[in-house]
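Here the structure comes first, spelled out in C-alpha cells, and everything after it is commentary.
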Amino acid sequence: MEHVLIVGTATWGTTLGLILAKNAVSVWLLARTEKEMLELQKSRENKRFLPSFIFPPLLQITNQPEKATPTAKAIIFAVPSSSMRENVNYLSPWISEKTLIISASKGLEFPAGKRMSQVIQEILPTATAHRIAVLSGPNLAKEIAADNPSSAVVASHTQDTCLQAQSLLSTPTFRIYTNKDVLGTELGGSLKNVIAIAAGICDGLDYGDNAKAALLTRGLAEIANLGTYMGAKAPTFTGLSGMGDLIATCSSTLSRNHYLGMQLAKGFPLEFIIQQMDNVAEGVHTTAATLELAQQYNIEMPIAEATYAILNGNLTAAAGVGKLMARLLKSE
C-alpha cells in the first residue's frame, strides 16, 4: 500500500499524520531515534507534543528512512526551518523525482532568509522542482487534531502538483485551497510569526484591543510591502496564508510565538523562555532573517525592527512600543 512519509514528530507533524490516517491514508511518521520510535509505537500517542490523541491504525512509526522514503507517494516535511536543510539532505539519496514533496514548515533559514521551498530545491535534483508544494494558513495544530473545521492553502509553481497536494491533504474538517504564488504563501506564513511575537508583547502589556488591531493592520502592511516588492502577489496577503494565519497566530493562546511575546512583556529573558518551551518559536530566527531581507530590498519594517530589539534585550517591551508610537507622522 502506498504511503505518505511525514518527517517531524512534534505537534504539527503528528497532527498531519493523525488527520491523514483518519482519512484512510496510510502514513508513516519518521522518528529520529529507535528509542523514540519504540515509545510512540508502544503508547500509540505522542505524549510529549500531542497527548490524548490516539493514533489511528493507518498511522505507523518508523526510524528507517532508507525503507520508508523510496516507496512514499508523498513526503511532508514538518520540521523547524533551522533543521530543514539537514533533514532534506539526510533523505535526499532515497527521494524519487516522482515523489510529491510538501513543506509544512513556516520559517526562513537564518541568516540568508531563504524560504523552505528554496532550501528543498537547492538539495534535490532539478527535475524534482515541479513536485514541490508548500502548505500554509491558520493552522493551530491542536484544533486541527481535534477535527475542528479549518482551512489552509497549498502553493506550487505547477498546477498539477497543487491539485495533487490539495487532494491528498483535504479531509472533511480540513479544507484546502490552491495558489500558484509560492513566494507570497511562504512569506505570509513565515513573517506573521514576527508580528505574532509583537502581538504577544501587546497582550502581555495589557494594551487592549485598539492597540492589537492597529498592530495587526500595520504588521500585515509590513509583510505585504516586503512580499510584493520581492515579487509576490498582493492578494495572497489577504488570503489564508496572510491575513488568515496572522489573525489566528496573533490571537490564540495555542500560538507559541504569541506566548513568547507575552513572556517577553513580563520581563523574562529570551533564553529562559525558549528553555521552557517544547516546540520551536519560529519567529525568533525569522525576525532576524526578515530584517536581512528588508535591508536587502530597502523596505522599512519598524514593527519587525522593534521586535528584534526586544528579543535581543536592547529595548524593554514598553520602550519598544513607545518607539513605534513616537515615529514621524505619515499617511497610511
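As shown in the C-alpha cells, the chain order sets the letters A, B, ...; within each chain, residues go from 1, and ligands are also counted from 1 in the order they appear.
For Pro70 (chain A), the set of protein, DNA and RNA residues having any atom at most 9 Å away, when counting only C-alpha atoms and skipping those fewer than 2 positions along the same chain, is Pro65, Glu66, Lys67, Ala68, Ala72, Lys73, Trp94, Ile95, Ser96 and Thr99 of chain A.
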Strand (DSSP E or B) residues, from DSSP on the backbone, in region 80-299 of chain A, as a PyMOL selection string: chain A and resi 100-103+108-109+114-115+132-136+150-155+171+174-179
Against region 175-199 of chain A, which residues of region 252-321 of chain A fall within 12 Å? For each one I want the closest pair of atoms and the distance in Å (one decimal), counting only C-alpha atoms, rows by chain and increasing residue number, as a Markdown table.
```
| residue | atom | partner | partner_atom | distance |
| --- | --- | --- | --- | --- |
| A:Ser252 | CA | A:Ala196 | CA | 9.6 |
| A:Thr253 | CA | A:Ala196 | CA | 11.0 |
| A:Leu254 | CA | A:Ala196 | CA | 11.6 |
| A:Ser255 | CA | A:Ala196 | CA | 8.1 |
| A:Arg256 | CA | A:Ile197 | CA | 8.7 |
| A:Asn257 | CA | A:Ile197 | CA | 5.1 |
| A:His258 | CA | A:Ile197 | CA | 4.9 |
| A:Tyr259 | CA | A:Ile197 | CA | 7.5 |
| A:Leu260 | CA | A:Ile197 | CA | 6.3 |
| A:Gly261 | CA | A:Ile197 | CA | 4.3 |
| A:Met262 | CA | A:Ile197 | CA | 7.7 |
| A:Gln263 | CA | A:Ile197 | CA | 9.7 |
| A:Leu264 | CA | A:Ile197 | CA | 8.8 |
| A:Ala265 | CA | A:Ala198 | CA | 9.4 |
| A:Leu270 | CA | A:Ile197 | CA | 11.6 |
| A:Val280 | CA | A:Asn193 | CA | 11.4 |
| A:Ala281 | CA | A:Asn193 | CA | 8.1 |
| A:Glu282 | CA | A:Asn193 | CA | 6.7 |
| A:Gly283 | CA | A:Asn193 | CA | 4.6 |
| A:Val284 | CA | A:Val194 | CA | 7.4 |
| A:His285 | CA | A:Val194 | CA | 9.1 |
| A:Thr286 | CA | A:Val194 | CA | 6.8 |
| A:Thr287 | CA | A:Val194 | CA | 5.5 |
| A:Ala288 | CA | A:Val194 | CA | 9.3 |
| A:Ala289 | CA | A:Leu191 | CA | 9.5 |
| A:Thr290 | CA | A:Leu191 | CA | 7.2 |
| A:Leu291 | CA | A:Val194 | CA | 10.4 |
| A:Leu293 | CA | A:Leu187 | CA | 11.0 |
| A:Ala294 | CA | A:Leu191 | CA | 11.5 |
| A:Met301 | CA | A:Ile195 | CA | 10.8 |
| A:Pro302 | CA | A:Ile195 | CA | 10.9 |
| A:Ile303 | CA | A:Ile195 | CA | 7.4 |
| A:Ala304 | CA | A:Val194 | CA | 6.4 |
| A:Glu305 | CA | A:Val194 | CA | 9.8 |
| A:Ala306 | CA | A:Ala198 | CA | 8.5 |
| A:Thr307 | CA | A:Ala198 | CA | 6.0 |
| A:Tyr308 | CA | A:Val194 | CA | 8.7 |
| A:Ala309 | CA | A:Ala198 | CA | 11.2 |
| A:Ile310 | CA | A:Ala198 | CA | 9.3 |
| A:Leu311 | CA | A:Ile197 | CA | 9.1 |
| A:Ala317 | CA | A:Ala198 | CA | 9.0 |
| A:Ala318 | CA | A:Ala198 | CA | 11.2 |
| A:Gly320 | CA | A:Ala198 | CA | 9.6 |
| A:Val321 | CA | A:Ala198 | CA | 9.2 |
```
For Leu205 (chain A), which residue out of A:Gly137, A:Lys330, A:Lys266, A:Thr15 is the nearest one, using only C-alpha atoms? A:Lys266
What is the distance, in Å and to one decimal place, between CA of Cys250 (chain A) and CA of Leu220 (chain A)? 11.4 Å
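When only C-alpha atoms are used to measure the gap to Ile54 (chain A), the shortest distance among A:Ala319, A:Ala214, A:Ile274, A:Ile19 belongs to A:Ile19.
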Quick check, in Å to one decimal: how far apart do CA of Ile101 (chain A) and CA of Ala224 (chain A) lie? 26.5 Å
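The residue that comes closest to Ala78 (chain A), out of A:Phe268, A:Tyr229, A:Trp28, A:Trp12 and on the basis of only C-alpha atoms, is A:Trp12.
Summary of the local environment: counting only C-alpha atoms, residues at most 8 Å from Ala133 (chain A), other than itself and those fewer than 5 positions away along its chain, are Leu100, Ile101, Ile102, Ser103, Ser117, Val154, Ala155, Ser156, His157, Thr161, Cys162, Ala165 and Val182 of chain A.
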Would you put the residues from that selection into a file with N, CA, C and O atoms, as an mmCIF file, in the first residue's frame?
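out23.cif written:
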```
data_model
loop_
_atom_site.group_PDB
_atom_site.id
_atom_site.type_symbol
_atom_site.label_atom_id
_atom_site.label_comp_id
_atom_site.auth_asym_id
_atom_site.auth_seq_id
_atom_site.Cartn_x
_atom_site.Cartn_y
_atom_site.Cartn_z
ATOM 1 N N LEU A 100 5.867 13.467 -4.509
ATOM 2 C CA LEU A 100 5.322 14.772 -4.143
ATOM 3 C C LEU A 100 5.989 15.223 -2.843
ATOM 4 O O LEU A 100 5.986 14.492 -1.851
ATOM 5 N N ILE A 101 6.564 16.427 -2.855
ATOM 6 C CA ILE A 101 7.249 16.972 -1.683
ATOM 7 C C ILE A 101 6.445 18.162 -1.162
ATOM 8 O O ILE A 101 6.178 19.105 -1.905
ATOM 9 N N ILE A 102 6.077 18.113 0.115
ATOM 10 C CA ILE A 102 5.295 19.207 0.712
ATOM 11 C C ILE A 102 6.044 19.763 1.920
ATOM 12 O O ILE A 102 6.378 19.027 2.848
ATOM 13 N N SER A 103 6.309 21.059 1.889
ATOM 14 C CA SER A 103 6.870 21.733 3.061
ATOM 15 C C SER A 103 5.731 22.256 3.915
ATOM 16 O O SER A 103 4.905 23.046 3.456
ATOM 17 N N SER A 117 10.985 26.177 0.450
ATOM 18 C CA SER A 117 10.967 25.585 -0.890
ATOM 19 C C SER A 117 12.289 25.820 -1.598
ATOM 20 O O SER A 117 12.747 24.983 -2.382
ATOM 21 N N VAL A 154 -2.392 25.299 -0.283
ATOM 22 C CA VAL A 154 -1.158 24.705 -0.804
ATOM 23 C C VAL A 154 -0.770 25.482 -2.050
ATOM 24 O O VAL A 154 -1.621 25.820 -2.876
ATOM 25 N N ALA A 155 0.505 25.777 -2.168
ATOM 26 C CA ALA A 155 1.001 26.539 -3.311
ATOM 27 C C ALA A 155 2.127 25.782 -3.989
ATOM 28 O O ALA A 155 2.954 25.138 -3.334
ATOM 29 N N SER A 156 2.138 25.853 -5.310
ATOM 30 C CA SER A 156 3.195 25.254 -6.112
ATOM 31 C C SER A 156 3.257 26.004 -7.437
ATOM 32 O O SER A 156 2.273 26.608 -7.866
ATOM 33 N N HIS A 157 4.407 25.944 -8.067
ATOM 34 C CA HIS A 157 4.546 26.572 -9.382
ATOM 35 C C HIS A 157 3.821 25.767 -10.454
ATOM 36 O O HIS A 157 3.573 26.260 -11.542
ATOM 37 N N THR A 161 0.737 19.729 -9.405
ATOM 38 C CA THR A 161 1.252 19.488 -8.056
ATOM 39 C C THR A 161 0.322 20.087 -7.013
ATOM 40 O O THR A 161 0.052 19.477 -5.973
ATOM 41 N N CYS A 162 -0.182 21.291 -7.280
ATOM 42 C CA CYS A 162 -1.164 21.928 -6.389
ATOM 43 C C CYS A 162 -2.373 21.020 -6.168
ATOM 44 O O CYS A 162 -2.804 20.790 -5.037
ATOM 45 N N ALA A 165 -1.557 17.844 -4.122
ATOM 46 C CA ALA A 165 -1.398 18.153 -2.702
ATOM 47 C C ALA A 165 -2.748 18.475 -2.068
ATOM 48 O O ALA A 165 -3.042 18.068 -0.940
ATOM 49 N N VAL A 182 3.845 30.827 -4.732
ATOM 50 C CA VAL A 182 4.653 30.145 -3.716
ATOM 51 C C VAL A 182 5.377 31.164 -2.832
ATOM 52 O O VAL A 182 5.403 31.034 -1.603
#
```
Distance in Å - CA of Leu18 (chain A) versus CA of Lys106 (chain A): 19.7 Å
